[in-house]
Structure formats: structure tokens, C-alpha cells
Amino acid sequence: MRNSELYRRAEAEMENQRAKDLAERERRLTEVTQKDPEIGRLQGEGIRLFQEVARQVLTHPDDSQRLTALAKDKASKAREELTRRLTEAGYPADYLSNVWACPLCQDTGFVGNGLDKRRCGCFEKRVQRLMYENGSPLDRENFSTFDESIIPNDPIEGTGRTQRSQALWARDVCLHYAQSYPSNARPTLVLCGQTGLGKTFLLRCIFAYLLDKGVDAQMVTAYEAFSAMRAFHMGDGDAFDAMVNRDVLLLDDLGAEPLMKNVTTEYMFLLINERTTARRHTAVATNLEPDKIRERYGERFFSRLFDQRHGMAISLAGRDLRLHALK
Ligand SMILES: [Zn+2]
């Protein structure tokens with residue numbers, strides 16, 4: 001499915017959610033008004049006061065400041081009274097106002113204002129979920145569904161660790177990384193290792209954790225990142241700009257994207273350089289060994305990605321978990 005189609009469907013879902021929110025607010029209002037009719041009156045008081053002041057200002061324009069202040073004062077007294085009565089009737093103080101599935105954006109799908117306005121994490125999560133038709137991998141793949149029993153407990157040569165203990169250690173590193181956001185001393189995290197050792201799973205765990213916290217995070221494959229870079233190169237910069245500016249970017253499968261002249265290595269460097277300079281959080285998973293990364297992307301990219309002042313890299317070894325789980 002195309003991205004624009006996913007966004008359209010996510011928008012439609014949000015609109016549905018807002019309709020549900022309104023219906024829920026009506027239901028709650030009816031419920032509490034049955035217990036205490038005064039609550040119903042107080043709930044509409046703010047709007048009545050606003051209408052009243054608008055009328056008065058028309059006839060007494062010179063007095064508008066005093067009238068507005070008076071109305072504000074009355075409205076705030078009405079709100080206090082409303083809260084008091086709600087609590088007395090045994091409801092939470094925000095019972096009539098907090099009906100949102102996502103209080104952060106109040107189900108608008110956006111947070112922030114003006115130039116800071118951006119998609120809410122809940123919206124991105126909807127898009128991610130829609131991307132996988134059989135339910136979101138984020139529901140299946142998060143820190144609480146981590147299951148070490150599917151990981152072989154065989155020793156890994158030369159490490160003194162078993163594959164299972166290594167996986168638990170990697171999980172703890174990733175969990176700590178997610179929990180420490182936004183104040184990680186080292187905001188870049190690189191997960192290296194051959195295919196099938198759970199690197200994508202760990203990135204998704206971090207992603208799910210951060211989305212639950214409402215963080216502005218994005219997870220992309222290197223191939224998707226490459227597509228955005230190519231578009232940027234052709235003059236359509238939106239998707240690439242968004243990746244550069246996300247608070248957290250999770251970049252999966254670095255090295256699987258095409259190597260296009262003047263694009264791949266140049267823009268990958270630009271992306272990592274901008275993000276590390278601004279101390280934004282970036283977690284990268286790759287099947288490439290570090291020296292292969294140096295070979296493919298060059299020294300400047302390599303030293304940015306593996307700069308120990310800004311980040312840490314962990315390397316996974318062992319048997320392919322996907323094959324193991326089938327046995
Ligand atoms: Zn939201």
C-alpha cells in the first residue's frame with residue numbers, strides 16, 4: 001500500500017475516533033447530569049458566558065476589557081464548581097473533558113503549534129499498524145513480549161556468553177536506551193550482527209516503547225530512507241527533512257538499500273551527521289560488520305556512526321533465531 005493511502009486511512013480512523021469521543025462526552029454528560037443536574041448547567045456555562053460577553057461588547061465596546069475579565073473570572077469559578085461537584089458525585093475531575101484516546105493530541109493527530117506543529121506519535125502508530133494488515137508488529141513485538149526461551153542457550157565461541165545471555169544483555173541495553181530518552185548521554189545506538197538475531201525486533205521494541213510515551217519517533221528501513229533521499233535529490237525534500245528532524249529515528253537494515261551514485265553515501269552521511277550534531281537519538285540496525293560499513297559508506301560516515309562520545313555499538317552473534325524458532 002502506498003504511504004499516502006496509509007495516511008488517508010489513518011486520518012479516517014482519527015476522524016472516527018473524534019466522533020466516538022464526542023459521543024462519549026455526551027454519554028458522560030447525561031450520566032452525571034442524572035446524578036446532579038447542576039453539573040449539566042455548569043458544563044455549558046463557559047459557552048453561555050462567552051456569548052454573553054460577545055453581546056455586551058457590541059453595545060459597550062469601550063468596556064470590553066473589564067467585561068472580558070469579568071466573564072473569565074465567572075467562567076473559572078464555574079469550572080471550579082463543576083470540578084467540586086464532579087468529585088463529590090464520585091467522578092474524576094476531568095471526567096467530562098478527558099475523553100480522548102490520546103490526551104496528548106486530543107485525537108487531532110497533531111501536537112505543537114505553528115512551526116512546531118507535527119504528527120503525534122499516536123498517528124504514526126496508526127500508520128505503522130495499518131502497514132501490517134494482520135495487526136501491528138508493535139503489538140506483538142515490544143519489551144514485554146520479549147521471550148528468551150526461543151533463543152538457544154549455546155555458548156558463543158570466544159565471548160564467555162551464551163546466545164541467550166547475549167540477547168538478554170542486548171535487550172537490557174535497548175530498554176535502558178528507550179527509558180533514558182531524552183537524556184541519553186550517548187544518543188546513537190548501533191546494533192550489528194548477521195541476519196536473524198533479533199535486531200529488527202529490538203528496534204521495534206524501542207519504537208513501541210517510545211510511541212507509547214508519545215515521543216516523536218519514526219522507524220524506517222534503509223530502503224525507505226534511500227527512497228526519501230532520492231526524492232530529496234530530485235527536489236522533493238519533505239520525507240528526508242522529516243527523517244533528519246525527528247526526535248528519534250530508528251533505521252533498520254542499513255546496507256540493504258541500493259548504492260546510487262551521488263545519493264546513498266552522501267545523504268546517509270548528511271542524515272547521520274545532522275542528527276548526531278543536533279544530539280538527536282538515532283538507533284541503527286545493520287547486518288554489516290563495522291569494517292564493511294567503512295568500506296561502503298566511507299571514513300567520515302563510519303566515524304560519525306561509531307563515535308563513542310555520541311553513541312554505542314553492540315554486536316550480536318549466534319544462530320538465526322527465525323530458523324531456531326521453527327524447530
Ligand atoms: Zn495523539
# chains A, B, ... in the order shown; residues from 1 in each chain; ligands from 1
>>> residues_near_ligand(ligand="ligand 1", cutoff="8 Å", atoms="only C-alpha atoms and all ligand atoms", output="PyMOL selection string")
chain A and resi 101-111+119-123+214
>>> residues_around(residues="range 253-261 of chain A", least_positions_apart="5", cutoff="7 Å", atoms="only C-alpha atoms", output="ChimeraX atom specification")
/A:221-223,226,285-288
>>> atom_distance(atom1="CA of Tyr177 in chain A", atom2="CA of Ala313 in chain A")
11.9 Å
>>> closest_residue(among="A:Ser180, A:Ala278, A:Asn262, A:Asp154", to="Met234 in chain A", atoms="only C-alpha atoms")
A:Asn262
>>> select_by_dssp(residues="range 173-229 of chain A", states="helix (DSSP H, G or I)", output="MDAnalysis selection string")
chainID A and resid 173:180 199:212 222:229
>>> write_last_selection(atoms="N, CA and C atoms", output="mmCIF file, in the first residue's frame")
data_model
loop_
_atom_site.group_PDB
_atom_site.id
_atom_site.type_symbol
_atom_site.label_atom_id
_atom_site.label_comp_id
_atom_site.auth_asym_id
_atom_site.auth_seq_id
_atom_site.Cartn_x
_atom_site.Cartn_y
_atom_site.Cartn_z
ATOM 1 N N VAL A 173 20.233 -3.318 27.151
ATOM 2 C CA VAL A 173 20.830 -2.112 26.583
ATOM 3 C C VAL A 173 19.758 -1.291 25.870
ATOM 4 N N CYS A 174 18.927 -1.968 25.081
ATOM 5 C CA CYS A 174 17.893 -1.267 24.302
ATOM 6 C C CYS A 174 16.814 -0.689 25.212
ATOM 7 N N LEU A 175 16.436 -1.452 26.225
ATOM 8 C CA LEU A 175 15.421 -0.962 27.166
ATOM 9 C C LEU A 175 15.942 0.278 27.893
ATOM 10 N N HIS A 176 17.182 0.206 28.307
ATOM 11 C CA HIS A 176 17.791 1.347 29.001
ATOM 12 C C HIS A 176 17.856 2.560 28.067
ATOM 13 N N TYR A 177 18.208 2.294 26.817
ATOM 14 C CA TYR A 177 18.269 3.358 25.810
ATOM 15 C C TYR A 177 16.906 4.041 25.682
ATOM 16 N N ALA A 178 15.848 3.228 25.598
ATOM 17 C CA ALA A 178 14.495 3.780 25.454
ATOM 18 C C ALA A 178 14.068 4.510 26.724
ATOM 19 N N GLN A 179 14.371 3.908 27.865
ATOM 20 C CA GLN A 179 13.941 4.511 29.138
ATOM 21 C C GLN A 179 14.677 5.814 29.416
ATOM 22 N N SER A 180 15.925 5.899 28.940
ATOM 23 C CA SER A 180 16.730 7.083 29.247
ATOM 24 C C SER A 180 16.410 8.264 28.332
ATOM 25 N N LYS A 199 17.614 -8.119 15.665
ATOM 26 C CA LYS A 199 17.909 -6.680 15.686
ATOM 27 C C LYS A 199 16.658 -5.852 15.351
ATOM 28 N N THR A 200 15.924 -6.287 14.333
ATOM 29 C CA THR A 200 14.703 -5.564 13.972
ATOM 30 C C THR A 200 13.702 -5.618 15.115
ATOM 31 N N PHE A 201 13.620 -6.778 15.737
ATOM 32 C CA PHE A 201 12.742 -6.927 16.899
ATOM 33 C C PHE A 201 13.109 -5.889 17.969
ATOM 34 N N LEU A 202 14.388 -5.764 18.251
ATOM 35 C CA LEU A 202 14.810 -4.818 19.295
ATOM 36 C C LEU A 202 14.494 -3.373 18.903
ATOM 37 N N LEU A 203 14.707 -3.036 17.624
ATOM 38 C CA LEU A 203 14.356 -1.673 17.182
ATOM 39 C C LEU A 203 12.857 -1.432 17.365
ATOM 40 N N ARG A 204 12.064 -2.440 17.023
ATOM 41 C CA ARG A 204 10.611 -2.283 17.165
ATOM 42 C C ARG A 204 10.218 -2.140 18.633
ATOM 43 N N CYS A 205 10.940 -2.841 19.496
ATOM 44 C CA CYS A 205 10.678 -2.702 20.943
ATOM 45 C C CYS A 205 10.921 -1.260 21.379
ATOM 46 N N ILE A 206 12.049 -0.708 20.939
ATOM 47 C CA ILE A 206 12.371 0.685 21.304
ATOM 48 C C ILE A 206 11.295 1.606 20.748
ATOM 49 N N PHE A 207 10.937 1.359 19.494
ATOM 50 C CA PHE A 207 9.940 2.185 18.811
ATOM 51 C C PHE A 207 8.598 2.140 19.553
ATOM 52 N N ALA A 208 8.146 0.921 19.870
ATOM 53 C CA ALA A 208 6.855 0.768 20.563
ATOM 54 C C ALA A 208 6.891 1.478 21.915
ATOM 55 N N TYR A 209 8.009 1.327 22.606
ATOM 56 C CA TYR A 209 8.152 1.950 23.927
ATOM 57 C C TYR A 209 8.038 3.475 23.804
ATOM 58 N N LEU A 210 8.741 4.042 22.825
ATOM 59 C CA LEU A 210 8.753 5.500 22.682
ATOM 60 C C LEU A 210 7.399 6.022 22.195
ATOM 61 N N LEU A 211 6.767 5.288 21.277
ATOM 62 C CA LEU A 211 5.445 5.725 20.807
ATOM 63 C C LEU A 211 4.449 5.739 21.953
ATOM 64 N N ASP A 212 4.550 4.748 22.821
ATOM 65 C CA ASP A 212 3.659 4.722 23.987
ATOM 66 C C ASP A 212 3.860 5.943 24.865
ATOM 67 N N ALA A 222 16.301 1.095 5.733
ATOM 68 C CA ALA A 222 17.262 1.878 4.964
ATOM 69 C C ALA A 222 16.760 2.055 3.535
ATOM 70 N N TYR A 223 15.986 1.080 3.064
ATOM 71 C CA TYR A 223 15.457 1.208 1.700
ATOM 72 C C TYR A 223 14.475 2.383 1.619
ATOM 73 N N GLU A 224 13.612 2.503 2.622
ATOM 74 C CA GLU A 224 12.679 3.638 2.643
ATOM 75 C C GLU A 224 13.441 4.958 2.785
ATOM 76 N N ALA A 225 14.493 4.910 3.611
ATOM 77 C CA ALA A 225 15.311 6.113 3.777
ATOM 78 C C ALA A 225 15.947 6.494 2.444
ATOM 79 N N PHE A 226 16.433 5.488 1.743
ATOM 80 C CA PHE A 226 17.043 5.729 0.436
ATOM 81 C C PHE A 226 16.035 6.365 -0.530
ATOM 82 N N SER A 227 14.800 5.865 -0.535
ATOM 83 C CA SER A 227 13.772 6.434 -1.416
ATOM 84 C C SER A 227 13.553 7.913 -1.104
ATOM 85 N N ALA A 228 13.552 8.232 0.208
ATOM 86 C CA ALA A 228 13.377 9.638 0.601
ATOM 87 C C ALA A 228 14.576 10.471 0.160
ATOM 88 N N MET A 229 15.764 9.868 0.208
ATOM 89 C CA MET A 229 16.974 10.581 -0.214
ATOM 90 C C MET A 229 16.963 10.849 -1.719
#
>>> closest_residue(among="A:Leu305, A:Ala19, A:Ile39, A:Ala78", to="Thr276 in chain A", atoms="only C-alpha atoms")
A:Leu305
>>> closest_residue(among="A:Arg55, A:His233, A:Lys117, A:Lys35", to="Ala89 in chain A", atoms="only C-alpha atoms")
A:Lys35
>>> residues_around(residues="Gln218 in chain A", least_positions_apart="5", cutoff="7 Å", atoms="only C-alpha atoms", output="list of chain:residue names")
A:Arg246, A:Val248, A:Leu249, A:Leu250
>>> write_last_selection(atoms="C-alpha atoms", output="PDB file, in the first residue's frame")
ATOM      1  CA  ARG A 246      12.567  13.526  14.077  1.00  0.00           C
ATOM      2  CA  VAL A 248      14.105   9.720  17.401  1.00  0.00           C
ATOM      3  CA  LEU A 249      14.896   7.842  14.201  1.00  0.00           C
ATOM      4  CA  LEU A 250      15.130   4.057  14.056  1.00  0.00           C
TER       5      LEU A 250
END
>>> closest_residue(among="A:Ser165, A:Ser144, A:Thr159, A:Ser315", to="Cys192 in chain A", atoms="only C-alpha atoms")
A:Ser315
>>> closest_residue(among="A:Thr59, A:Ile314, A:Ile293, A:Gly198", to="Asn142 in chain A", atoms="only C-alpha atoms")
A:Gly198
>>> select_by_dssp(residues="range 48-277 of chain A", states="strand (DSSP E)", output="VMD selection string")
chain A and resid 110 to 111 118 to 119 155 to 156 161 to 162 188 to 193 217 to 221 248 to 254
>>> closest_residue(among="A:Arg294, A:Arg66, A:Arg27, A:Arg8", to="Val127 in chain A", atoms="only C-alpha atoms")
A:Arg8
>>> atom_distance(atom1="CA of Ala71 in chain A", atom2="CA of Phe50 in chain A")
7.0 Å
>>> residues_around(residues="Asn273 in chain A", least_positions_apart="6", cutoff="12 Å", atoms="only C-alpha atoms", output="PDB file with N, CA and C atoms, in the first residue's frame")
ATOM      1  N   THR A 188      23.271   7.826  20.107  1.00  0.00           N
ATOM      2  CA  THR A 188      23.320   6.950  18.931  1.00  0.00           C
ATOM      3  C   THR A 188      23.533   5.514  19.387  1.00  0.00           C
ATOM      4  N   VAL A 244      15.448  13.737   9.113  1.00  0.00           N
ATOM      5  CA  VAL A 244      16.548  14.475   9.752  1.00  0.00           C
ATOM      6  C   VAL A 244      16.074  15.077  11.075  1.00  0.00           C
ATOM      7  N   ASN A 245      14.812  15.518  11.094  1.00  0.00           N
ATOM      8  CA  ASN A 245      14.345  16.318  12.228  1.00  0.00           C
ATOM      9  C   ASN A 245      13.560  15.564  13.289  1.00  0.00           C
ATOM     10  N   THR A 265      25.573   7.267  -0.287  1.00  0.00           N
ATOM     11  CA  THR A 265      26.578   7.539   0.753  1.00  0.00           C
ATOM     12  C   THR A 265      26.543   9.009   1.170  1.00  0.00           C
ATOM     13  N   GLU A 266      26.280   9.907   0.212  1.00  0.00           N
ATOM     14  CA  GLU A 266      26.245  11.340   0.517  1.00  0.00           C
ATOM     15  C   GLU A 266      25.135  11.668   1.509  1.00  0.00           C
ATOM     16  N   TYR A 267      23.932  11.164   1.206  1.00  0.00           N
ATOM     17  CA  TYR A 267      22.794  11.533   2.046  1.00  0.00           C
ATOM     18  C   TYR A 267      22.763  10.749   3.353  1.00  0.00           C
ATOM     19  N   ARG A 279      22.485  16.176  18.389  1.00  0.00           N
ATOM     20  CA  ARG A 279      22.299  15.242  19.512  1.00  0.00           C
ATOM     21  C   ARG A 279      20.890  14.651  19.549  1.00  0.00           C
ATOM     22  N   ARG A 280      20.367  14.342  18.355  1.00  0.00           N
ATOM     23  CA  ARG A 280      19.102  13.628  18.310  1.00  0.00           C
ATOM     24  C   ARG A 280      19.368  12.131  18.447  1.00  0.00           C
ATOM     25  N   HIS A 281      18.348  11.422  18.877  1.00  0.00           N
ATOM     26  CA  HIS A 281      18.506   9.980  19.078  1.00  0.00           C
ATOM     27  C   HIS A 281      18.343   9.219  17.761  1.00  0.00           C
ATOM     28  N   THR A 282      19.313   8.363  17.478  1.00  0.00           N
ATOM     29  CA  THR A 282      19.262   7.557  16.269  1.00  0.00           C
ATOM     30  C   THR A 282      19.700   6.138  16.616  1.00  0.00           C
ATOM     31  N   ARG A 300      34.209   9.076   6.831  1.00  0.00           N
ATOM     32  CA  ARG A 300      33.505  10.135   7.567  1.00  0.00           C
ATOM     33  C   ARG A 300      32.218   9.596   8.186  1.00  0.00           C
ATOM     34  N   PHE A 301      31.473   8.844   7.392  1.00  0.00           N
ATOM     35  CA  PHE A 301      30.232   8.252   7.888  1.00  0.00           C
ATOM     36  C   PHE A 301      30.538   7.289   9.029  1.00  0.00           C
ATOM     37  N   PHE A 302      31.538   6.439   8.792  1.00  0.00           N
ATOM     38  CA  PHE A 302      31.915   5.444   9.790  1.00  0.00           C
ATOM     39  C   PHE A 302      32.242   6.090  11.130  1.00  0.00           C
ATOM     40  N   SER A 303      33.044   7.149  11.083  1.00  0.00           N
ATOM     41  CA  SER A 303      33.471   7.720  12.357  1.00  0.00           C
ATOM     42  C   SER A 303      32.333   8.484  13.039  1.00  0.00           C
ATOM     43  N   ARG A 304      31.384   8.980  12.250  1.00  0.00           N
ATOM     44  CA  ARG A 304      30.199   9.600  12.844  1.00  0.00           C
ATOM     45  C   ARG A 304      29.342   8.559  13.559  1.00  0.00           C
ATOM     46  N   LEU A 305      29.092   7.453  12.842  1.00  0.00           N
ATOM     47  CA  LEU A 305      28.190   6.429  13.376  1.00  0.00           C
ATOM     48  C   LEU A 305      28.778   5.737  14.603  1.00  0.00           C
ATOM     49  N   PHE A 306      30.090   5.543  14.583  1.00  0.00           N
ATOM     50  CA  PHE A 306      30.710   4.798  15.674  1.00  0.00           C
ATOM     51  C   PHE A 306      31.470   5.705  16.646  1.00  0.00           C
ATOM     52  N   ASP A 307      31.161   6.973  16.615  1.00  0.00           N
ATOM     53  CA  ASP A 307      31.790   7.913  17.538  1.00  0.00           C
ATOM     54  C   ASP A 307      31.346   7.595  18.975  1.00  0.00           C
ATOM     55  N   HIS A 310      29.291   9.947  21.202  1.00  0.00           N
ATOM     56  CA  HIS A 310      27.863  10.156  20.902  1.00  0.00           C
ATOM     57  C   HIS A 310      27.040   8.885  20.993  1.00  0.00           C
TER      58      HIS A 310
END
>>> residues_around(residues="Thr30 in chain A", least_positions_apart="6", cutoff="10 Å", atoms="only C-alpha atoms", output="list of chain:residue names")
A:Glu24, A:Asp36, A:Pro37, A:Ile39, A:Gly40
>>> atom_distance(atom1="CA of Asn98 in chain A", atom2="CA of Leu29 in chain A")
12.1 Å
